[in-house]
Amino acid sequence: MSLAEGNELREVNETDLVDVGGAMAKWEHFPASAILHHGKPCCRVAREWIFSTDYSQLNGENPLTGPRWLRLKYKWGASVWPISWCEAVRQKTLDCGALASMANEVFVMRGVKSYPAQFIQQYTEEATRHWRESWTDGNASDHWIKDDLIYHEGCAVVVREGEIRLWDASAGWWMNPKQFGGYGGLVALRVFAPQAEFSWGAHRIAPGRWQRIQNERQGLALASAG
Amino acid sequence: MKIYISGLYSGTNPQPGIGVARSLRAAYPDATLVGVEYSNRCSGIHWADFDELWLQRPWDELNLDAYAAEIKEVLDAGALWISGVDLELMWLASVFPEGHRNLLTPSTMALRKISKPAVEAHVGLPVSIPTYISTETPDWELHAFCRQHGWKVWLKGPYYEAVRTASWDVFERVRTLLARAWSTERLFLQTHVSGYEESVCFSAYRGELAGAVYMRKRELTEEGKTWAGDVTEVPAEFVAPLKQMVRDLNWTGGAELEMVRDTGGLLWLLECNPRFPAWIYGSTIAGHNLPALLVESATGVPPARTQTPVSEEFTRVVLEVPVRSQFPLPSLPEPYPGGIGHSLKHPSGTLALAERLHKLHILESNGNGNGNGNGNGNGHHAEPDNVTATIPTVPSSFIADLGAFDFAEMETPSFLFLESTAAALFARAAGQAAKLTSETTKVTNAYSIKTNPDERLIKLALESNFLAEAISLLEVQKALKTGFKPEQVILNGPGKWWPQGLLPTSPIHAVFCDSLADLRRVVASVERKELQAKIVGVRLRTPTVGSRFGIPVYTPEELEKLVAAIGTLPTDSAFGIHFHMASSNIGVRQWWHLYESMLRWCRSIETLSGRRIECLDVGGGWFPDDWQTDSGDQFAAAVARARQFLPHVVQVISEPGKAMAQPSTALAMRLLELEESAEGEIKEAVVDGSIAELPMHFFQPHRILHRDSQTGEWRALGRGKTPLLGRLCMEHDIVAWNVELPEGASAGDLLVFCDAGAYDRSMSYVFGRG
């Protein structure tokens with residue numbers, strides 16, 4: 001964000017202005033979402049369909065290819081939890097937890113190491129107010145919203161030994177390891193994995209705990225509009 | 001300081017002139033920037049950073065010698081020249097073979113070493129070159145290249161333009177357009193690489209790297225051009241080899257290495273542009289003013305203002321700017337009568353420049369014309385011209401079989417059954433099936449009658465232990481009439497019960513249901529004892545397969561219904577699954593992926609239904625060459641994979657389809673009339689054959705033989721300039737677009753179109769015969 005003061009632009013690190021600490025505390029005890037299995041044919045059919053469809057959709061490409069087809073099949077929106085496989089596959093909309101959980105299982109089924117990942121992202125209060133209303137209308141909990149911050153889920157996909165990429169299953173893209181803060185910026189991350197530490201771009205990620213994501217823009221000099 | 005900057009086009013596929021001017025203005029506020037353009041239709045001439053404009057007439061009007069002298073005068077007077085037009089800088093390299101201290105463009109040698117598609121200079125960089133093939137190779141091989149790469153290929157012009165050609169007819173059409181546009185047949189096909197686009201942009205002066213940046217495209221236009229990106233330092237592994245490359249090329253000017261990073265992280269070099277990219281001001285925003293570094297290197301004059309980084313990320317917006325009063329907007333050309341749009345592409349006459357430079361042999365000396373041969377990214381440059389390489393190879397058995405015909409008495413057009421060729425194909429298939437059969441799994445071939453219902457082929461199939469695959473009861477009857485027994489017949493397709501009353505009363509080998517309704521009908525027929533089959537199964541239609549056939553499993557509900565329906569199938573028959581997709585349409589690699597995908601679906605169905613899959617029927621639609629090339633280890637591995645996924649499979653049925661039929665029959669036709677140009681070249685020729693006998697002409701090439709009327713010798717025709725026009729009064733009845741008829745060819749000469757034994761034969765139609 002740039003604040004105009006006279007003829008100068010002053011660069012402000014927005015993450016200093018938002019309550020990232022409060023958000024991490026709010027979602028400290030949030031487990032990563034997991035879809036239930038009824039242990040019956042209904043859920044077996046659902047899972048077989050997901051995995052066979054994924055292989056078809058992969059089209060012979062690299063197994064590290066993001067399963068973007070899930071997002072094409074399911075619109076992002078409110079889900080009512082708990083949710084089972086047989087229910088989830090029949091929905092028109094799924095929330096980030098359900099999409100991330102599905103994507104995670106898909107990666108694992110392909111033979112790729114993938115772990116649940118939790119994100120805290122910054123948007124605007126206008127955006128979060130809108131989402132809060134939509135979720136309330138859908139009888140779903142809005143516990144994932146705090147001021148202009150949101151709780152979000154994805155997958156930490158191991159691309160090489162000790163190195164991960166973050167798949168945002170709701171957006172259908174890989175998150176940029178160079179974070180600049182601001183709208184859509186990732187301010188904190190938690191990965192649930194047994195390994196000691198991962199690298200994500202220039203970041204070192206210690207699994208099992210929330211950690212703030214450093215803003216890349218801090219190293220740049222300030223531009224003058226004068 | 002005076003700097004001439006060319007390439008001011010600012011449409012949806014912009015040139016870099018504006019970005020270069022903005023960068024230089026930021027660094028050298030007092031410099032005189034002169035915009036150079038060749039059309040007042042290029043909106044960049046109105047950009048305010050230009051102090052002066054040097055507006056030339058379009059390239060087709062320019063007197064190149066006079067223009068060269070004027071540029072020399074400008075350079076001698078101390079002005080610098082930064083070119084933003086590939087063809088212009090190629091021409092400049094020829095005008096100044098020894099270079100000029102103020103001309104900030106690369107030499108002919110450097111341009112030759114970065115010419116597409118091989119980009120010889122890339123050796124040392126951590127990149128690979130996507131596989132490519134010159135379009136000067138025979139159509140037969142080009143079609144094979146496209147199949148091999150799943151039709152995910154781009155047809156590229158020698159300097160600009162790349163068009164995705166997803167089918168043969170599109171390829172032929174685009175090839176004609178590009179060849180005409182760029183005045184050369186020397187185009188190339190290159191495989192598509194999926195991934196994210198990245199660039200390394202650099203500037204250098206006399207072999208010394210002045211600066212470089214790394215850019216990732218973050219937003220793209222529909223044409224794939226940069227709309228937003230982030231700019232950072234060049235990765236460490238790039239720096240040393242880049243410096244070496246610049247040194248080896250003695251590079252002067254800007255340049256951009258355009259690359260794609262695939263999902264596995266590998267970088268593929270698409271091309272090296274010999275100039276700054278249009279997004280160059282994005283680099284300046286990030287604090288790396290490469291045009292200024294180039295000017296500083298050339299002049300020793302440091303920038304008056306140093307660029308401070310504003311943001312690592314940049315994006316574009318659309319701006320309206322005032323038109324310069326001395327260059328009012330030109331009139332809009334009249335749309336062609338009945339045409340759509342105003343045909344404003346290439347307003348500066350770039351195409352005309354390409355044609356002129358070809359005539360002057362300047363592009364050939366830059367290496368852009370020498371695209372013969374093919375490559376796989378090993379960096380070796382193409383082979384020199386080789387006339388014989390453009391002529392397709394025709395199997396000797398074809399020629400031997402043609403010896404059996406008395407052409408003097410033959411009415412044309414006429415299909416020719418190539419007896420020994422056909423027999424050899426069936427014998428090979430039979431041998432292969434026997435070889436692949438194991439104690440646990442029997443491998444059987446099936447002949448698809450619809451591909452070519454010629455009794456001679458059906459008989460060969462019977463003698464070669466094939467099953468007969470029928471899609472109608474009429475086809476079943478034909479198989480029975482030829483000698484097949486009901487237990488050797490497979491019934492398939494959506495209309496298999498047509499016409500009524502012809503179903504054999506004794507058991508057939510297999511029936512595969514094409515829909516759930518069909519499945520219910522089969523169950524009812526079996527219960528009524530009307531139908532008996534050793535195997536009762538289903539044809540599957542999996543996601544991503546564009547097909548109207550088979551039972552879809554696009555949704556979990558459809559899978560659930562299929563699983564439930566399988567539970568109703570008779571238990572005294574074995575259960576099987578059939579899938580079919582023409583590998584010639586989707587490509588060989590895709591087909592094998594589809595096979596693997598099918599095995600997974602089969603396993604899911606077996607697991608969920610509890611019904612053992614004992615028969616797997618695999619339809620291929622194989623192009624003959626692919627089937628023969630891949631018929632060894634890959635088929636053996638496929639059978640092993642089937643056993644691995646489906647342990648109860650006891651029979652794998654392979655339907656090679658047109659791999660059997662296509663080479664077995666050729667089409668003879670005669671030249672009716674030849675039209676010569678004033679120069680004595682054969683402009684076009686009319687034949688008595690037509691697309692009514694070659695309906696597959698739009699989907700695949702045919703190798704063509706010409707028979708010498710004196711010696712009776714056969715000669716395969718290469719690519720030339722003569723279209724062969726069919727006899728029908730239909731505009732699209734052109735059976736070949738570009739062939740080279742031999743000298744002395746005349747009306748009455750015999751031509752034989754090979755590879756016409758599959759759907760050409762079975763789908764040929766009667767038209768214009770009275």
# chains A, B, ... in the order shown; residues from 1 in each chain; ligands from 1
$ residues_around --residues "region 204-218 of chain A" --least-positions-apart "4" --cutoff "6 Å" --atoms "only C-alpha atoms" --output "list in words"
Gln179, Phe180, Gly181, Val187, Ala188, Leu189, Arg190, Val191, Phe192, Ala193, Glu197, Phe198 and Ser199 of chain A
$ interface_residues --of "chain A" --to "chain B" --cutoff "10 Å" --atoms "only C-alpha atoms" --output "ChimeraX atom specification"
/A:41-42,44-66,73,86,89-90,159-160,178,180,216-217,219-224
$ select_by_dssp --residues "region 306-359 of chain B" --states "helix (DSSP H, G or I)" --output "list of chain:residue names"
B:Thr350, B:Leu351, B:Ala352, B:Leu353, B:Ala354, B:Glu355, B:Arg356, B:Leu357, B:His358, B:Lys359
$ select_by_dssp --residues "region 256-487 of chain B" --states "strand (DSSP E or B)" --output "PyMOL selection string"
chain B and resi 256-261+267-273+313-315+374-375+414-417+442-448+467-470
$ write_last_selection --atoms "C-alpha atoms" --output "PDB file, in the first residue's frame"
ATOM      1  CA  GLU B 256      15.211 -12.060 -24.976  1.00  0.00           C
ATOM      2  CA  LEU B 257      15.321 -15.798 -24.366  1.00  0.00           C
ATOM      3  CA  GLU B 258      11.700 -16.929 -24.345  1.00  0.00           C
ATOM      4  CA  MET B 259      11.180 -20.113 -22.347  1.00  0.00           C
ATOM      5  CA  VAL B 260       8.579 -22.372 -20.783  1.00  0.00           C
ATOM      6  CA  ARG B 261       9.114 -24.050 -17.429  1.00  0.00           C
ATOM      7  CA  LEU B 267      13.199 -25.006 -18.904  1.00  0.00           C
ATOM      8  CA  TRP B 268      12.454 -25.213 -22.627  1.00  0.00           C
ATOM      9  CA  LEU B 269      13.778 -22.528 -24.939  1.00  0.00           C
ATOM     10  CA  LEU B 270      11.218 -21.469 -27.524  1.00  0.00           C
ATOM     11  CA  GLU B 271      13.260 -18.787 -29.200  1.00  0.00           C
ATOM     12  CA  CYS B 272      15.850 -16.085 -28.773  1.00  0.00           C
ATOM     13  CA  ASN B 273      14.556 -12.732 -29.970  1.00  0.00           C
ATOM     14  CA  GLU B 313       5.944  -6.545 -10.551  1.00  0.00           C
ATOM     15  CA  PHE B 314       4.522  -4.685 -13.521  1.00  0.00           C
ATOM     16  CA  THR B 315       1.327  -4.724 -15.471  1.00  0.00           C
ATOM     17  CA  ASN B 374      14.561 -32.082 -37.578  1.00  0.00           C
ATOM     18  CA  GLY B 375      15.810 -31.937 -34.070  1.00  0.00           C
ATOM     19  CA  SER B 414      -9.877 -47.904 -59.543  1.00  0.00           C
ATOM     20  CA  PHE B 415      -9.009 -49.389 -56.164  1.00  0.00           C
ATOM     21  CA  LEU B 416      -6.066 -51.784 -56.223  1.00  0.00           C
ATOM     22  CA  PHE B 417      -5.871 -54.573 -53.660  1.00  0.00           C
ATOM     23  CA  LYS B 442      -4.800 -65.267 -24.541  1.00  0.00           C
ATOM     24  CA  VAL B 443      -4.191 -62.353 -26.897  1.00  0.00           C
ATOM     25  CA  THR B 444      -6.498 -62.308 -29.911  1.00  0.00           C
ATOM     26  CA  ASN B 445      -6.819 -59.920 -32.817  1.00  0.00           C
ATOM     27  CA  ALA B 446     -10.172 -58.773 -34.104  1.00  0.00           C
ATOM     28  CA  TYR B 447     -10.843 -57.366 -37.557  1.00  0.00           C
ATOM     29  CA  SER B 448     -13.158 -54.394 -37.633  1.00  0.00           C
ATOM     30  CA  LEU B 467     -12.179 -62.554 -34.531  1.00  0.00           C
ATOM     31  CA  ALA B 468     -14.660 -60.537 -36.575  1.00  0.00           C
ATOM     32  CA  GLU B 469     -15.920 -57.318 -35.009  1.00  0.00           C
ATOM     33  CA  ALA B 470     -19.287 -56.202 -36.371  1.00  0.00           C
TER      34      ALA B 470
END
$ residues_around --residues "region 718-722 of chain B" --least-positions-apart "4" --cutoff "12 Å" --atoms "only C-alpha atoms" --output "number ranges by chain"
B: 135-141, 176, 179-180, 185, 386-394, 674-677, 681-686, 701-706, 734-742, 745
$ residues_around --residues "Thr184 (chain B)" --least-positions-apart "2" --cutoff "9 Å" --atoms "only C-alpha atoms" --output "mmCIF file with C-alpha atoms, in the first residue's frame"
data_model
loop_
_atom_site.group_PDB
_atom_site.id
_atom_site.type_symbol
_atom_site.label_atom_id
_atom_site.label_comp_id
_atom_site.auth_asym_id
_atom_site.auth_seq_id
_atom_site.Cartn_x
_atom_site.Cartn_y
_atom_site.Cartn_z
ATOM 1 C CA GLY B 157 6.903 -19.168 -39.311
ATOM 2 C CA PRO B 158 10.602 -18.467 -39.746
ATOM 3 C CA LEU B 178 2.177 -18.962 -43.609
ATOM 4 C CA ALA B 179 4.210 -20.024 -46.616
ATOM 5 C CA ARG B 180 2.446 -17.445 -48.718
ATOM 6 C CA ALA B 181 2.753 -14.728 -46.064
ATOM 7 C CA TRP B 182 6.478 -15.212 -45.392
ATOM 8 C CA ARG B 186 10.622 -23.373 -44.831
ATOM 9 C CA LEU B 187 8.376 -23.488 -41.801
ATOM 10 C CA GLU B 355 9.824 -11.210 -49.559
ATOM 11 C CA HIS B 358 14.390 -13.547 -49.500
ATOM 12 C CA GLY B 369 15.895 -20.169 -44.294
#
$ residues_around --residues "region 399-403 of chain B" --least-positions-apart "2" --cutoff "10 Å" --atoms "only C-alpha atoms" --output "list of chain:residue names"
B:Val394, B:Pro395, B:Ser396, B:Ser397, B:Phe405, B:Asp406, B:Phe407, B:Leu416, B:Phe417, B:Leu418, B:Glu419, B:Ser420, B:Thr421, B:Ala422, B:Ser664, B:Ala666, B:Leu705, B:Gly712, B:Glu713, B:Trp714, B:Arg715, B:Val752
$ residues_around --residues "Ile458 (chain B)" --least-positions-apart "5" --cutoff "9 Å" --atoms "only C-alpha atoms" --output "VMD selection string"
chain B and resid 447 to 449 452 to 453 463 468 478 to 479 482 to 484
$ write_last_selection --atoms "all heavy atoms" --output "PDB file, in the first residue's frame"
ATOM      1  N   TYR B 447     -10.805 -58.223 -36.372  1.00  0.00           N
ATOM      2  CA  TYR B 447     -10.843 -57.366 -37.557  1.00  0.00           C
ATOM      3  C   TYR B 447     -12.147 -56.570 -37.567  1.00  0.00           C
ATOM      4  O   TYR B 447     -13.233 -57.142 -37.528  1.00  0.00           O
ATOM      5  CB  TYR B 447     -10.727 -58.199 -38.846  1.00  0.00           C
ATOM      6  CG  TYR B 447     -10.733 -57.318 -40.073  1.00  0.00           C
ATOM      7  CD1 TYR B 447      -9.659 -56.482 -40.355  1.00  0.00           C
ATOM      8  CD2 TYR B 447     -11.833 -57.292 -40.928  1.00  0.00           C
ATOM      9  CE1 TYR B 447      -9.675 -55.652 -41.462  1.00  0.00           C
ATOM     10  CE2 TYR B 447     -11.850 -56.456 -42.046  1.00  0.00           C
ATOM     11  CZ  TYR B 447     -10.763 -55.638 -42.300  1.00  0.00           C
ATOM     12  OH  TYR B 447     -10.772 -54.791 -43.380  1.00  0.00           O
ATOM     13  N   SER B 448     -12.002 -55.275 -37.621  1.00  0.00           N
ATOM     14  CA  SER B 448     -13.158 -54.394 -37.633  1.00  0.00           C
ATOM     15  C   SER B 448     -13.693 -54.334 -39.067  1.00  0.00           C
ATOM     16  O   SER B 448     -13.081 -53.703 -39.939  1.00  0.00           O
ATOM     17  CB  SER B 448     -12.714 -53.007 -37.147  1.00  0.00           C
ATOM     18  OG  SER B 448     -13.693 -52.071 -37.428  1.00  0.00           O
ATOM     19  N   ILE B 449     -14.823 -54.977 -39.282  1.00  0.00           N
ATOM     20  CA  ILE B 449     -15.333 -55.126 -40.650  1.00  0.00           C
ATOM     21  C   ILE B 449     -15.629 -53.768 -41.289  1.00  0.00           C
ATOM     22  O   ILE B 449     -15.398 -53.558 -42.477  1.00  0.00           O
ATOM     23  CB  ILE B 449     -16.598 -56.016 -40.646  1.00  0.00           C
ATOM     24  CG1 ILE B 449     -16.218 -57.421 -40.170  1.00  0.00           C
ATOM     25  CG2 ILE B 449     -17.251 -56.080 -42.018  1.00  0.00           C
ATOM     26  CD1 ILE B 449     -17.398 -58.311 -39.869  1.00  0.00           C
ATOM     27  N   ASN B 452     -12.949 -51.851 -43.587  1.00  0.00           N
ATOM     28  CA  ASN B 452     -12.987 -52.172 -45.010  1.00  0.00           C
ATOM     29  C   ASN B 452     -13.637 -53.547 -45.161  1.00  0.00           C
ATOM     30  O   ASN B 452     -13.024 -54.566 -44.829  1.00  0.00           O
ATOM     31  CB  ASN B 452     -11.576 -52.178 -45.615  1.00  0.00           C
ATOM     32  CG  ASN B 452     -11.620 -52.368 -47.130  1.00  0.00           C
ATOM     33  OD1 ASN B 452     -12.626 -52.825 -47.683  1.00  0.00           O
ATOM     34  ND2 ASN B 452     -10.533 -52.021 -47.806  1.00  0.00           N
ATOM     35  N   PRO B 453     -14.877 -53.589 -45.638  1.00  0.00           N
ATOM     36  CA  PRO B 453     -15.594 -54.872 -45.693  1.00  0.00           C
ATOM     37  C   PRO B 453     -15.232 -55.728 -46.910  1.00  0.00           C
ATOM     38  O   PRO B 453     -16.003 -56.617 -47.274  1.00  0.00           O
ATOM     39  CB  PRO B 453     -17.060 -54.421 -45.734  1.00  0.00           C
ATOM     40  CG  PRO B 453     -17.033 -53.074 -46.356  1.00  0.00           C
ATOM     41  CD  PRO B 453     -15.708 -52.454 -46.034  1.00  0.00           C
ATOM     42  N   GLU B 463      -8.300 -66.409 -41.788  1.00  0.00           N
ATOM     43  CA  GLU B 463      -7.146 -67.324 -41.907  1.00  0.00           C
ATOM     44  C   GLU B 463      -6.045 -66.990 -40.906  1.00  0.00           C
ATOM     45  O   GLU B 463      -5.190 -67.822 -40.625  1.00  0.00           O
ATOM     46  CB  GLU B 463      -6.586 -67.245 -43.338  1.00  0.00           C
ATOM     47  CG  GLU B 463      -7.510 -67.845 -44.370  1.00  0.00           C
ATOM     48  CD  GLU B 463      -7.160 -67.416 -45.796  1.00  0.00           C
ATOM     49  OE1 GLU B 463      -6.168 -66.660 -45.977  1.00  0.00           O
ATOM     50  OE2 GLU B 463      -7.893 -67.806 -46.722  1.00  0.00           O
ATOM     51  N   ALA B 468     -14.041 -61.547 -35.703  1.00  0.00           N
ATOM     52  CA  ALA B 468     -14.660 -60.537 -36.575  1.00  0.00           C
ATOM     53  C   ALA B 468     -15.482 -59.590 -35.709  1.00  0.00           C
ATOM     54  O   ALA B 468     -16.347 -60.028 -34.949  1.00  0.00           O
ATOM     55  CB  ALA B 468     -15.549 -61.206 -37.607  1.00  0.00           C
ATOM     56  N   LYS B 478     -22.197 -60.872 -43.063  1.00  0.00           N
ATOM     57  CA  LYS B 478     -21.090 -60.898 -44.029  1.00  0.00           C
ATOM     58  C   LYS B 478     -19.932 -61.742 -43.480  1.00  0.00           C
ATOM     59  O   LYS B 478     -19.308 -62.514 -44.230  1.00  0.00           O
ATOM     60  CB  LYS B 478     -20.605 -59.477 -44.308  1.00  0.00           C
ATOM     61  CG  LYS B 478     -19.463 -59.441 -45.306  1.00  0.00           C
ATOM     62  CD  LYS B 478     -19.497 -58.227 -46.178  1.00  0.00           C
ATOM     63  CE  LYS B 478     -18.518 -58.381 -47.335  1.00  0.00           C
ATOM     64  NZ  LYS B 478     -18.524 -57.250 -48.219  1.00  0.00           N
ATOM     65  N   ALA B 479     -19.659 -61.591 -42.187  1.00  0.00           N
ATOM     66  CA  ALA B 479     -18.590 -62.387 -41.574  1.00  0.00           C
ATOM     67  C   ALA B 479     -18.923 -63.874 -41.665  1.00  0.00           C
ATOM     68  O   ALA B 479     -18.058 -64.701 -42.011  1.00  0.00           O
ATOM     69  CB  ALA B 479     -18.410 -61.966 -40.112  1.00  0.00           C
ATOM     70  N   THR B 482     -18.477 -65.218 -45.081  1.00  0.00           N
ATOM     71  CA  THR B 482     -17.070 -65.358 -45.468  1.00  0.00           C
ATOM     72  C   THR B 482     -16.423 -66.556 -44.780  1.00  0.00           C
ATOM     73  O   THR B 482     -15.302 -66.929 -45.141  1.00  0.00           O
ATOM     74  CB  THR B 482     -16.294 -64.064 -45.141  1.00  0.00           C
ATOM     75  OG1 THR B 482     -17.079 -62.947 -45.567  1.00  0.00           O
ATOM     76  CG2 THR B 482     -14.953 -64.000 -45.843  1.00  0.00           C
ATOM     77  N   GLY B 483     -17.097 -67.127 -43.800  1.00  0.00           N
ATOM     78  CA  GLY B 483     -16.546 -68.333 -43.184  1.00  0.00           C
ATOM     79  C   GLY B 483     -16.393 -68.279 -41.676  1.00  0.00           C
ATOM     80  O   GLY B 483     -16.034 -69.271 -41.032  1.00  0.00           O
ATOM     81  N   PHE B 484     -16.600 -67.088 -41.091  1.00  0.00           N
ATOM     82  CA  PHE B 484     -16.515 -67.011 -39.623  1.00  0.00           C
ATOM     83  C   PHE B 484     -17.683 -67.773 -39.003  1.00  0.00           C
ATOM     84  O   PHE B 484     -18.782 -67.839 -39.581  1.00  0.00           O
ATOM     85  CB  PHE B 484     -16.582 -65.547 -39.163  1.00  0.00           C
ATOM     86  CG  PHE B 484     -15.256 -64.842 -39.204  1.00  0.00           C
ATOM     87  CD1 PHE B 484     -14.882 -64.077 -40.292  1.00  0.00           C
ATOM     88  CD2 PHE B 484     -14.371 -64.954 -38.134  1.00  0.00           C
ATOM     89  CE1 PHE B 484     -13.656 -63.428 -40.337  1.00  0.00           C
ATOM     90  CE2 PHE B 484     -13.146 -64.299 -38.162  1.00  0.00           C
ATOM     91  CZ  PHE B 484     -12.787 -63.538 -39.267  1.00  0.00           C
TER      92      PHE B 484
END
$ residues_around --residues "Ile18 (chain B)" --least-positions-apart "3" --cutoff "12 Å" --atoms "only C-alpha atoms" --output "count of residues only"
40
$ atom_distance --atom1 "CA of Gly537 (chain B)" --atom2 "CA of Met763 (chain B)"
28.4 Å
